[in-house]
file query-v6.cif (mmCIF, C-alpha atoms and all ligand atoms)
data_final
loop_
_atom_site.label_atom_id
_atom_site.label_comp_id
_atom_site.auth_asym_id
_atom_site.auth_seq_id
_atom_site.Cartn_x
_atom_site.Cartn_y
_atom_site.Cartn_z
CA MET A 987 78.67 7.69 146.87
CA SER A 988 80.38 6.24 143.78
CA THR A 989 79.36 9.14 141.56
CA GLU A 990 79.52 11.84 144.22
CA GLY A 991 82.97 11.20 145.67
CA LEU A 992 83.82 13.16 148.80
CA GLU A 993 80.76 15.41 148.40
CA ALA A 994 78.78 12.54 149.90
CA PHE A 995 80.43 13.33 153.24
CA SER A 996 79.47 17.02 153.17
CA LEU A 997 76.75 18.27 155.50
CA ALA A 998 76.34 21.59 153.71
CA GLY A 999 72.76 22.84 154.00
CA ARG A 1000 71.90 20.35 156.76
CA VAL A 1001 70.61 21.24 160.21
CA ALA A 1002 71.64 19.18 163.23
CA ILE A 1003 70.54 19.03 166.86
CA VAL A 1004 73.05 17.65 169.36
CA THR A 1005 71.60 16.97 172.81
CA GLY A 1006 74.15 17.40 175.57
CA GLY A 1007 76.16 19.45 173.06
CA ASN A 1008 77.35 22.04 175.57
CA ARG A 1009 80.39 19.97 176.65
CA GLY A 1010 82.29 16.72 176.33
CA ILE A 1011 81.56 14.31 173.51
CA GLY A 1012 78.45 16.24 172.46
CA PHE A 1013 80.35 19.46 171.90
CA ALA A 1014 83.06 17.66 169.92
CA ILE A 1015 80.35 16.19 167.69
CA ALA A 1016 78.60 19.57 167.32
CA GLU A 1017 81.89 21.18 166.30
CA ALA A 1018 82.68 18.44 163.76
CA LEU A 1019 79.18 18.50 162.23
CA GLY A 1020 79.52 22.28 161.95
CA LYS A 1021 82.90 21.98 160.22
CA ALA A 1022 81.32 19.51 157.78
CA GLY A 1023 78.80 22.24 156.86
CA ALA A 1024 75.76 21.75 159.09
CA ALA A 1025 73.99 24.42 161.13
CA ILE A 1026 74.01 23.33 164.76
CA VAL A 1027 71.54 23.45 167.63
CA ILE A 1028 73.07 22.65 170.99
CA ALA A 1029 70.34 21.32 173.29
CA ALA A 1030 71.03 20.92 177.01
CA ARG A 1031 70.00 22.31 180.40
CA ASP A 1032 72.96 24.50 181.42
CA ALA A 1033 72.25 27.71 179.48
CA ASP A 1034 75.51 29.50 180.38
CA ALA A 1035 77.62 26.69 178.94
CA GLY A 1036 75.19 26.20 176.08
CA GLU A 1037 75.18 29.85 174.95
CA ARG A 1038 78.97 30.07 175.31
CA MET A 1039 79.69 26.91 173.34
CA ALA A 1040 77.14 27.75 170.63
CA ALA A 1041 78.73 31.21 170.27
CA SER A 1042 82.13 29.55 169.85
CA LEU A 1043 80.80 27.73 166.77
CA GLY A 1044 79.83 30.96 164.99
CA PRO A 1045 76.59 32.36 163.55
CA ARG A 1046 75.31 29.03 162.18
CA ALA A 1047 74.91 27.66 165.70
CA ALA A 1048 72.34 28.25 168.44
CA PHE A 1049 71.57 27.03 171.93
CA ILE A 1050 68.09 25.86 172.88
CA ALA A 1051 67.52 25.10 176.56
CA THR A 1052 66.25 21.52 176.67
CA ASP A 1053 65.52 18.84 179.23
CA VAL A 1054 65.32 15.57 177.31
CA THR A 1055 63.15 13.99 180.02
CA SER A 1056 60.26 16.31 179.12
CA PRO A 1057 58.21 15.58 175.97
CA GLU A 1058 57.20 19.26 175.76
CA SER A 1059 60.81 20.37 175.99
CA CYS A 1060 61.85 17.94 173.23
CA GLN A 1061 59.08 19.20 170.98
CA ALA A 1062 60.06 22.82 171.69
CA MET A 1063 63.66 21.90 170.82
CA VAL A 1064 62.62 20.65 167.37
CA ARG A 1065 60.31 23.63 166.78
CA GLY A 1066 63.15 25.95 167.80
CA ALA A 1067 65.57 24.33 165.36
CA GLU A 1068 63.06 24.65 162.52
CA THR A 1069 62.25 28.25 163.42
CA ARG A 1070 65.92 29.21 163.59
CA PHE A 1071 67.34 27.23 160.67
CA GLY A 1072 64.29 26.18 158.61
CA ARG A 1073 64.58 22.39 158.80
CA LEU A 1074 65.92 19.42 160.74
CA ASP A 1075 68.08 16.73 159.16
CA ILE A 1076 70.21 15.25 161.93
CA LEU A 1077 69.48 14.41 165.56
CA VAL A 1078 72.32 13.28 167.80
CA ASN A 1079 70.90 11.79 171.01
CA ASN A 1080 73.99 12.29 173.16
CA ALA A 1081 72.65 13.63 176.48
CA GLY A 1082 73.49 11.24 179.28
CA ILE A 1083 74.42 10.79 182.91
CA MET A 1084 76.18 8.11 184.93
CA ARG A 1085 75.49 7.30 188.58
CA ALA A 1086 77.96 4.76 189.85
CA SER A 1087 76.71 2.39 192.54
CA ARG A 1088 76.45 -1.33 193.06
CA ALA A 1089 73.00 -2.77 192.32
CA GLU A 1090 72.29 -3.54 195.97
CA ASP A 1091 72.98 0.10 196.91
CA THR A 1092 71.24 1.83 194.00
CA ALA A 1093 68.38 4.11 195.05
CA LEU A 1094 65.25 3.90 192.91
CA ALA A 1095 65.50 7.63 192.18
CA ASP A 1096 69.01 7.13 190.72
CA TRP A 1097 67.92 4.13 188.66
CA GLN A 1098 65.04 6.16 187.25
CA ALA A 1099 67.10 9.29 186.59
CA VAL A 1100 69.60 7.31 184.51
CA LEU A 1101 66.91 5.51 182.51
CA ASP A 1102 64.88 8.71 182.08
CA ILE A 1103 67.75 10.76 180.66
CA ASN A 1104 69.80 8.17 178.78
CA LEU A 1105 67.06 6.03 177.25
CA THR A 1106 63.64 7.67 177.54
CA GLY A 1107 65.23 11.02 176.63
CA ALA A 1108 66.58 9.59 173.37
CA PHE A 1109 63.15 8.11 172.61
CA LEU A 1110 61.36 11.41 173.30
CA CYS A 1111 63.78 13.42 171.13
CA ALA A 1112 63.48 10.92 168.28
CA GLN A 1113 59.70 10.99 168.56
CA ALA A 1114 59.72 14.80 168.48
CA ALA A 1115 62.05 14.85 165.45
CA TYR A 1116 60.15 12.27 163.40
CA PRO A 1117 57.40 14.53 161.92
CA ALA A 1118 59.97 17.06 160.68
CA MET A 1119 62.19 14.38 159.15
CA ARG A 1120 59.25 12.60 157.58
CA ARG A 1121 58.03 15.86 156.00
CA GLN A 1122 61.46 16.27 154.44
CA ASN A 1123 61.55 12.67 153.20
CA GLY A 1124 64.49 11.67 155.31
CA GLY A 1125 66.83 12.22 158.22
CA LYS A 1126 69.59 10.81 160.38
CA ILE A 1127 69.38 9.86 164.04
CA ILE A 1128 72.55 8.95 165.92
CA ASN A 1129 72.11 7.50 169.39
CA MET A 1130 74.92 7.51 171.94
CA GLY A 1131 75.44 4.05 173.32
CA SER A 1132 78.50 2.84 175.19
CA LEU A 1133 80.55 -0.30 175.64
CA ALA A 1134 78.28 -0.67 178.67
CA ALA A 1135 75.64 -1.70 176.12
CA LEU A 1136 77.72 -4.83 175.51
CA PHE A 1137 79.35 -5.60 178.87
CA GLY A 1138 77.95 -6.05 182.35
CA THR A 1139 79.29 -3.70 185.00
CA ALA A 1140 79.14 -4.07 188.77
CA ALA A 1141 79.21 -0.31 189.33
CA GLY A 1142 76.41 0.76 187.02
CA ALA A 1143 73.53 -1.58 186.27
CA ALA A 1144 71.21 1.32 185.48
CA TYR A 1145 73.73 2.85 183.09
CA ALA A 1146 74.34 -0.48 181.34
CA CYS A 1147 70.60 -1.10 181.03
CA SER A 1148 70.05 2.38 179.60
CA LYS A 1149 72.78 1.83 176.99
CA GLY A 1150 71.61 -1.70 176.18
CA GLY A 1151 68.20 -0.14 175.67
CA ILE A 1152 69.75 2.40 173.30
CA LEU A 1153 70.86 -0.46 171.04
CA GLN A 1154 67.35 -1.87 170.87
CA LEU A 1155 65.82 1.59 170.43
CA THR A 1156 68.24 2.11 167.54
CA ARG A 1157 67.24 -1.14 165.86
CA SER A 1158 63.52 -0.61 166.47
CA LEU A 1159 63.48 2.95 165.11
CA ALA A 1160 65.60 1.86 162.15
CA VAL A 1161 62.99 -0.76 161.28
CA SER A 1162 60.03 1.55 162.00
CA TRP A 1163 61.30 4.49 159.97
CA GLY A 1164 63.35 2.82 157.24
CA ALA A 1165 60.61 3.41 154.69
CA ASP A 1166 60.67 7.12 155.60
CA ASN A 1167 64.35 7.25 154.58
CA ILE A 1168 65.35 7.93 158.19
CA GLN A 1169 68.54 6.10 159.13
CA VAL A 1170 69.06 5.37 162.83
CA ASN A 1171 72.43 4.19 164.13
CA ALA A 1172 74.35 4.03 167.40
CA LEU A 1173 77.88 4.89 168.46
CA LEU A 1174 79.47 2.85 171.22
CA PRO A 1175 82.39 4.85 172.60
CA GLY A 1176 84.98 3.29 174.85
CA TYR A 1177 86.48 5.21 177.76
CA ILE A 1178 86.57 8.90 176.77
CA GLU A 1179 88.02 11.69 178.89
CA SER A 1180 85.18 14.05 179.84
CA ASP A 1181 83.51 15.54 182.91
CA MET A 1182 81.71 12.22 183.31
CA THR A 1183 84.84 10.05 183.45
CA ARG A 1184 86.97 12.66 185.24
CA GLY A 1185 84.34 12.55 187.98
CA ALA A 1186 84.60 8.75 188.16
CA GLU A 1187 88.41 8.96 188.22
CA ALA A 1188 88.23 11.45 191.11
CA GLU A 1189 86.00 9.07 193.08
CA ARG A 1190 87.99 5.93 192.24
CA PRO A 1191 91.53 6.88 191.22
CA GLY A 1192 93.09 4.36 188.88
CA ALA A 1193 90.18 3.92 186.47
CA PHE A 1194 92.00 5.79 183.66
CA ASP A 1195 95.15 3.66 184.09
CA ALA A 1196 93.15 0.43 184.12
CA LYS A 1197 91.26 1.36 180.94
CA ARG A 1198 94.43 2.54 179.22
CA ALA A 1199 96.18 -0.73 180.03
CA ARG A 1200 93.43 -2.78 178.38
CA THR A 1201 93.02 -0.59 175.30
CA PRO A 1202 95.05 -1.81 172.30
CA ALA A 1203 95.46 1.81 171.17
CA GLY A 1204 97.30 2.41 174.46
CA ARG A 1205 95.37 5.51 175.45
CA ILE A 1206 92.09 6.87 176.74
CA GLY A 1207 89.89 8.41 174.03
CA GLN A 1208 89.26 12.13 173.66
CA PRO A 1209 85.82 13.57 172.74
CA GLU A 1210 87.14 14.42 169.25
CA ASP A 1211 87.81 10.71 168.67
CA VAL A 1212 84.05 10.09 168.57
CA ALA A 1213 83.22 12.95 166.22
CA GLY A 1214 84.38 11.50 162.87
CA ALA A 1215 82.05 8.52 163.07
CA ALA A 1216 79.17 10.88 163.85
CA VAL A 1217 79.91 13.00 160.78
CA PHE A 1218 80.03 9.86 158.64
CA LEU A 1219 76.73 8.50 159.97
CA ALA A 1220 75.11 11.93 159.50
CA SER A 1221 76.18 12.10 155.85
CA ARG A 1222 74.76 10.77 152.59
CA ALA A 1223 77.74 8.40 152.46
CA ALA A 1224 75.95 6.37 155.14
CA ASN A 1225 72.53 6.31 153.44
CA PHE A 1226 72.39 2.49 153.33
CA ILE A 1227 73.55 2.02 156.92
CA THR A 1228 70.75 1.75 159.45
CA GLY A 1229 70.22 -0.08 162.73
CA ALA A 1230 73.98 -0.48 163.08
CA SER A 1231 76.31 0.28 165.97
CA ILE A 1232 79.93 1.34 165.64
CA THR A 1233 82.42 0.91 168.47
CA VAL A 1234 84.80 3.87 168.87
CA ASP A 1235 87.07 2.47 171.54
CA GLY A 1236 90.67 2.03 170.41
CA GLY A 1237 90.02 -1.71 170.25
CA TYR A 1238 88.91 -2.16 173.88
CA ALA A 1239 85.94 -4.39 173.03
CA ILE A 1240 87.95 -6.85 170.93
CA HIS A 1241 90.77 -7.30 173.47
CA ILE A 1242 90.31 -10.40 175.63
P1 LIG B 1 79.35 14.83 180.07
O1 LIG B 1 78.96 14.58 181.47
O2 LIG B 1 80.56 15.62 179.76
O3 LIG B 1 78.13 15.50 179.26
C1 LIG B 1 76.81 15.06 179.44
C2 LIG B 1 75.90 15.97 178.65
O4 LIG B 1 74.55 15.54 178.79
C3 LIG B 1 75.97 17.40 179.11
O5 LIG B 1 76.04 18.23 177.99
C4 LIG B 1 74.66 17.60 179.86
O6 LIG B 1 74.25 18.97 179.78
C5 LIG B 1 73.73 16.68 179.05
N1 LIG B 1 72.54 16.30 179.79
C6 LIG B 1 72.46 15.59 180.95
N2 LIG B 1 71.18 15.48 181.35
C7 LIG B 1 70.42 16.14 180.42
C8 LIG B 1 69.02 16.37 180.28
N3 LIG B 1 68.12 15.93 181.18
N4 LIG B 1 68.61 17.09 179.20
C9 LIG B 1 69.49 17.56 178.30
N5 LIG B 1 70.81 17.35 178.38
C10 LIG B 1 71.27 16.66 179.43
O7 LIG B 1 79.44 13.37 179.42
P2 LIG B 1 80.16 12.78 178.12
O8 LIG B 1 80.45 13.84 177.13
O9 LIG B 1 81.23 11.90 178.59
O10 LIG B 1 78.99 11.81 177.60
C11 LIG B 1 78.16 12.12 176.51
C12 LIG B 1 77.42 10.84 176.12
O11 LIG B 1 78.36 9.82 175.77
C13 LIG B 1 76.56 10.26 177.24
O12 LIG B 1 75.39 9.69 176.69
C14 LIG B 1 77.45 9.16 177.80
O13 LIG B 1 76.70 8.16 178.44
C15 LIG B 1 78.11 8.66 176.53
N6 LIG B 1 79.34 7.93 176.73
C16 LIG B 1 80.41 8.50 177.40
C17 LIG B 1 81.57 7.79 177.56
C18 LIG B 1 82.76 8.33 178.26
O14 LIG B 1 83.71 7.55 178.52
N7 LIG B 1 82.83 9.61 178.57
C19 LIG B 1 81.71 6.42 177.03
C20 LIG B 1 80.54 5.94 176.34
C21 LIG B 1 79.41 6.68 176.21
P3 LIG B 1 73.41 19.69 180.95
O15 LIG B 1 73.87 19.11 182.26
O16 LIG B 1 73.72 21.15 180.77
O17 LIG B 1 71.98 19.39 180.66
#

call {"tool": "encode", "arguments": {"input": "query-v6.cif", "output": "structure tokens"}}
result
Amino acid sequence: MSTEGLEAFSLAGRVAIVTGGNRGIGFAIAEALGKAGAAIVIAARDADAGERMAASLGPRAAFIATDVTSPESCQAMVRGAETRFGRLDILVNNAGIMRASRAEDTALADWQAVLDINLTGAFLCAQAAYPAMRRQNGGKIINMGSLAALFGTAAGAAYACSKGGILQLTRSLAVSWGADNIQVNALLPGYIESDMTRGAEAERPGAFDAKRARTPAGRIGQPEDVAGAAVFLASRAANFITGASITVDGGYAIHI
């Protein structure tokens, strides 16, 4: 960094996969990584949205239909990125769902769906990406956590467990793959306006106002607010940062 200056933040020549990149926070990250110079693979299930959003990023972006709960699909995602763009440098494990229900009312199928997508999905994608990154002597994995990794929540035990698991997955992979020059870090966004939170607001009006009132920044976050930290963690400027988590929350987590 000291000798390179701002070039250390450039992603020119890099290839990134963003799971759940067809909307919300994932798309904002895909767009920002692309602007920093990376070729982008958007990996998600909804092909219409995926193709459309990849096309909006220009010729150095592609959509690969992916279900992160399937090991075969995750492996095909990595093969597709290598076939299309020749390598894989950055994996953003962003795909996620939220099912709000109190613990006593949570159906086993909902508990499992949340854990399967949010936590096991990140593990399967990282596992699929590892051989490619190892061959290239390095890579960056960014896992999407949440403030729910730090706080308990009455309306989403499964979600909180999945995001708490993301923190430990991040630390474990960082230790496992440190010698391979693969850095693994987590982002912990606060309340961000997206389909996910708009859905929660529609079900329980007032959630946005309550979060805004507690946030020192005085506002709800936008998907673009999360993107800068992702670009930083994906860049050479962050080469000595691994196993860390960064809150991106307008100060929510430090406000008593
Ligand atoms: P959205 O609901 O807008 O987007 C979720 C994304 O995940 C979609 O692109 C969806 O695509 C993808 N996805 C879901 N299931 C799968 C699957 N099985 N395989 C592949 N992709 C899948 O949510 P956000 O943008 O708000 O959230 C993105 C991430 O950020 C999530 O991990 C979320 O938990 C986390 N987060 C969000 C916060 C917020 O306040 N919004 C706060 C903290 C963390 P498709 O359905 O087409 O597969």

call {"tool": "closest_residue", "arguments": {"input": "query-v6.cif", "among": "A:Ala1016, A:Ala998, A:Ile1178, A:Ala1186", "to": "A:Val1078", "atoms": "only C-alpha atoms"}}
result
A:Ala1016

call {"tool": "residues_around", "arguments": {"input": "query-v6.cif", "residues": "A:Phe1049", "least_positions_apart": "3", "cutoff": "12 Å", "atoms": "all atoms listed in the file", "output": "PyMOL selection string"}}
result
chain A and resi 1002-1008+1013+1016+1025-1046+1052+1063-1064+1066-1067+1070

call {"tool": "atom_distance", "arguments": {"input": "query-v6.cif", "atom1": "atom CA of A:Ser1231", "atom2": "atom CA of A:Ala1047"}}
result
27.4 Å

call {"tool": "residues_near_ligand", "arguments": {"input": "query-v6.cif", "ligand": "ligand LIG 1 (chain B)", "cutoff": "6 Å", "atoms": "all atoms listed in the file", "output": "NGL selection string"}}
result
:A and (1005-1012 or 1030-1032 or 1052-1055 or 1080-1083 or 1103 or 1130-1132 or 1175-1183)

call {"tool": "write_last_selection", "arguments": {"input": "query-v6.cif", "atoms": "C-alpha atoms", "output": "mmCIF file, in the coordinates of the input"}}
result
data_model
loop_
_atom_site.group_PDB
_atom_site.id
_atom_site.type_symbol
_atom_site.label_atom_id
_atom_site.label_comp_id
_atom_site.auth_asym_id
_atom_site.auth_seq_id
_atom_site.Cartn_x
_atom_site.Cartn_y
_atom_site.Cartn_z
ATOM 1 C CA THR A 1005 71.600 16.970 172.810
ATOM 2 C CA GLY A 1006 74.150 17.400 175.570
ATOM 3 C CA GLY A 1007 76.160 19.450 173.060
ATOM 4 C CA ASN A 1008 77.350 22.040 175.570
ATOM 5 C CA ARG A 1009 80.390 19.970 176.650
ATOM 6 C CA GLY A 1010 82.290 16.720 176.330
ATOM 7 C CA ILE A 1011 81.560 14.310 173.510
ATOM 8 C CA GLY A 1012 78.450 16.240 172.460
ATOM 9 C CA ALA A 1030 71.030 20.920 177.010
ATOM 10 C CA ARG A 1031 70.000 22.310 180.400
ATOM 11 C CA ASP A 1032 72.960 24.500 181.420
ATOM 12 C CA THR A 1052 66.250 21.520 176.670
ATOM 13 C CA ASP A 1053 65.520 18.840 179.230
ATOM 14 C CA VAL A 1054 65.320 15.570 177.310
ATOM 15 C CA THR A 1055 63.150 13.990 180.020
ATOM 16 C CA ASN A 1080 73.990 12.290 173.160
ATOM 17 C CA ALA A 1081 72.650 13.630 176.480
ATOM 18 C CA GLY A 1082 73.490 11.240 179.280
ATOM 19 C CA ILE A 1083 74.420 10.790 182.910
ATOM 20 C CA ILE A 1103 67.750 10.760 180.660
ATOM 21 C CA MET A 1130 74.920 7.510 171.940
ATOM 22 C CA GLY A 1131 75.440 4.050 173.320
ATOM 23 C CA SER A 1132 78.500 2.840 175.190
ATOM 24 C CA PRO A 1175 82.390 4.850 172.600
ATOM 25 C CA GLY A 1176 84.980 3.290 174.850
ATOM 26 C CA TYR A 1177 86.480 5.210 177.760
ATOM 27 C CA ILE A 1178 86.570 8.900 176.770
ATOM 28 C CA GLU A 1179 88.020 11.690 178.890
ATOM 29 C CA SER A 1180 85.180 14.050 179.840
ATOM 30 C CA ASP A 1181 83.510 15.540 182.910
ATOM 31 C CA MET A 1182 81.710 12.220 183.310
ATOM 32 C CA THR A 1183 84.840 10.050 183.450
#

call {"tool": "atom_distance", "arguments": {"input": "query-v6.cif", "atom1": "atom CA of A:Gly1229", "atom2": "atom CA of A:Leu1077"}}
result
14.8 Å

call {"tool": "closest_residue", "arguments": {"input": "query-v6.cif", "among": "A:Asp1195, A:Met1119, A:Ile1050, A:Leu1136", "to": "A:Ile1152", "atoms": "all atoms listed in the file"}}
result
A:Leu1136

call {"tool": "atom_distance", "arguments": {"input": "query-v6.cif", "atom1": "atom CA of A:Ala1220", "atom2": "atom CA of A:Ile1076"}}
result
6.4 Å

call {"tool": "closest_residue", "arguments": {"input": "query-v6.cif", "among": "A:Asp1211, A:Asp1091, A:Asp1235, A:Asp1166", "to": "A:Arg1198", "atoms": "only C-alpha atoms"}}
result
A:Asp1235

call {"tool": "residues_around", "arguments": {"input": "query-v6.cif", "residues": "A:Pro1117", "least_positions_apart": "2", "cutoff": "12 Å", "atoms": "only C-alpha atoms", "output": "list in words"}}
result
Gln1061, Val1064, Arg1065, Glu1068, Arg1073, Leu1074, Asp1075, Cys1111, Ala1112, Gln1113, Ala1114, Ala1115, Met1119, Arg1120, Arg1121, Gln1122, Asn1123, Gly1124, Gly1125, Trp1163, Asp1166 and Ile1168 of chain A

call {"tool": "write_last_selection", "arguments": {"input": "query-v6.cif", "atoms": "C-alpha atoms", "output": "compact mmCIF listing (two decimals), keeping the file's coordinate frame"}}
result
# COMPACT_ATOMS: atom_id res chain seq x y z
CA GLN A 1061 59.08 19.20 170.98
CA VAL A 1064 62.62 20.65 167.37
CA ARG A 1065 60.31 23.63 166.78
CA GLU A 1068 63.06 24.65 162.52
CA ARG A 1073 64.58 22.39 158.80
CA LEU A 1074 65.92 19.42 160.74
CA ASP A 1075 68.08 16.73 159.16
CA CYS A 1111 63.78 13.42 171.13
CA ALA A 1112 63.48 10.92 168.28
CA GLN A 1113 59.70 10.99 168.56
CA ALA A 1114 59.72 14.80 168.48
CA ALA A 1115 62.05 14.85 165.45
CA MET A 1119 62.19 14.38 159.15
CA ARG A 1120 59.25 12.60 157.58
CA ARG A 1121 58.03 15.86 156.00
CA GLN A 1122 61.46 16.27 154.44
CA ASN A 1123 61.55 12.67 153.20
CA GLY A 1124 64.49 11.67 155.31
CA GLY A 1125 66.83 12.22 158.22
CA TRP A 1163 61.30 4.49 159.97
CA ASP A 1166 60.67 7.12 155.60
CA ILE A 1168 65.35 7.93 158.19

call {"tool": "closest_residue", "arguments": {"input": "query-v6.cif", "among": "A:Ala1048, A:Ala1146, A:Ala1062, A:Leu1133", "to": "A:Leu1101", "atoms": "all atoms listed in the file"}}
result
A:Ala1146

call {"tool": "closest_residue", "arguments": {"input": "query-v6.cif", "among": "A:Gly1138, A:Gln1098, A:Gly1023, A:Val1170", "to": "A:Ala1224", "atoms": "all atoms listed in the file"}}
result
A:Val1170

call {"tool": "closest_residue", "arguments": {"input": "query-v6.cif", "among": "A:Arg1190, A:His1241, A:Arg1184, A:Arg1000", "to": "A:Ala1022", "atoms": "all atoms listed in the file"}}
result
A:Arg1000

call {"tool": "residues_around", "arguments": {"input": "query-v6.cif", "residues": "A:Pro1202", "least_positions_apart": "4", "cutoff": "8 Å", "atoms": "only C-alpha atoms", "output": "ChimeraX atom specification"}}
result
/A:1236-1238,1241

call {"tool": "axis_aligned_box", "arguments": {"input": "query-v6.cif", "around": "stretch 1164-1174 of chain A", "padding_each_side": "5 Å", "output": "JSON"}}
result
{"center_x": 70.0, "center_y": 5.4, "center_z": 162.9, "size_x": 28.9, "size_y": 15.1, "size_z": 26.6}
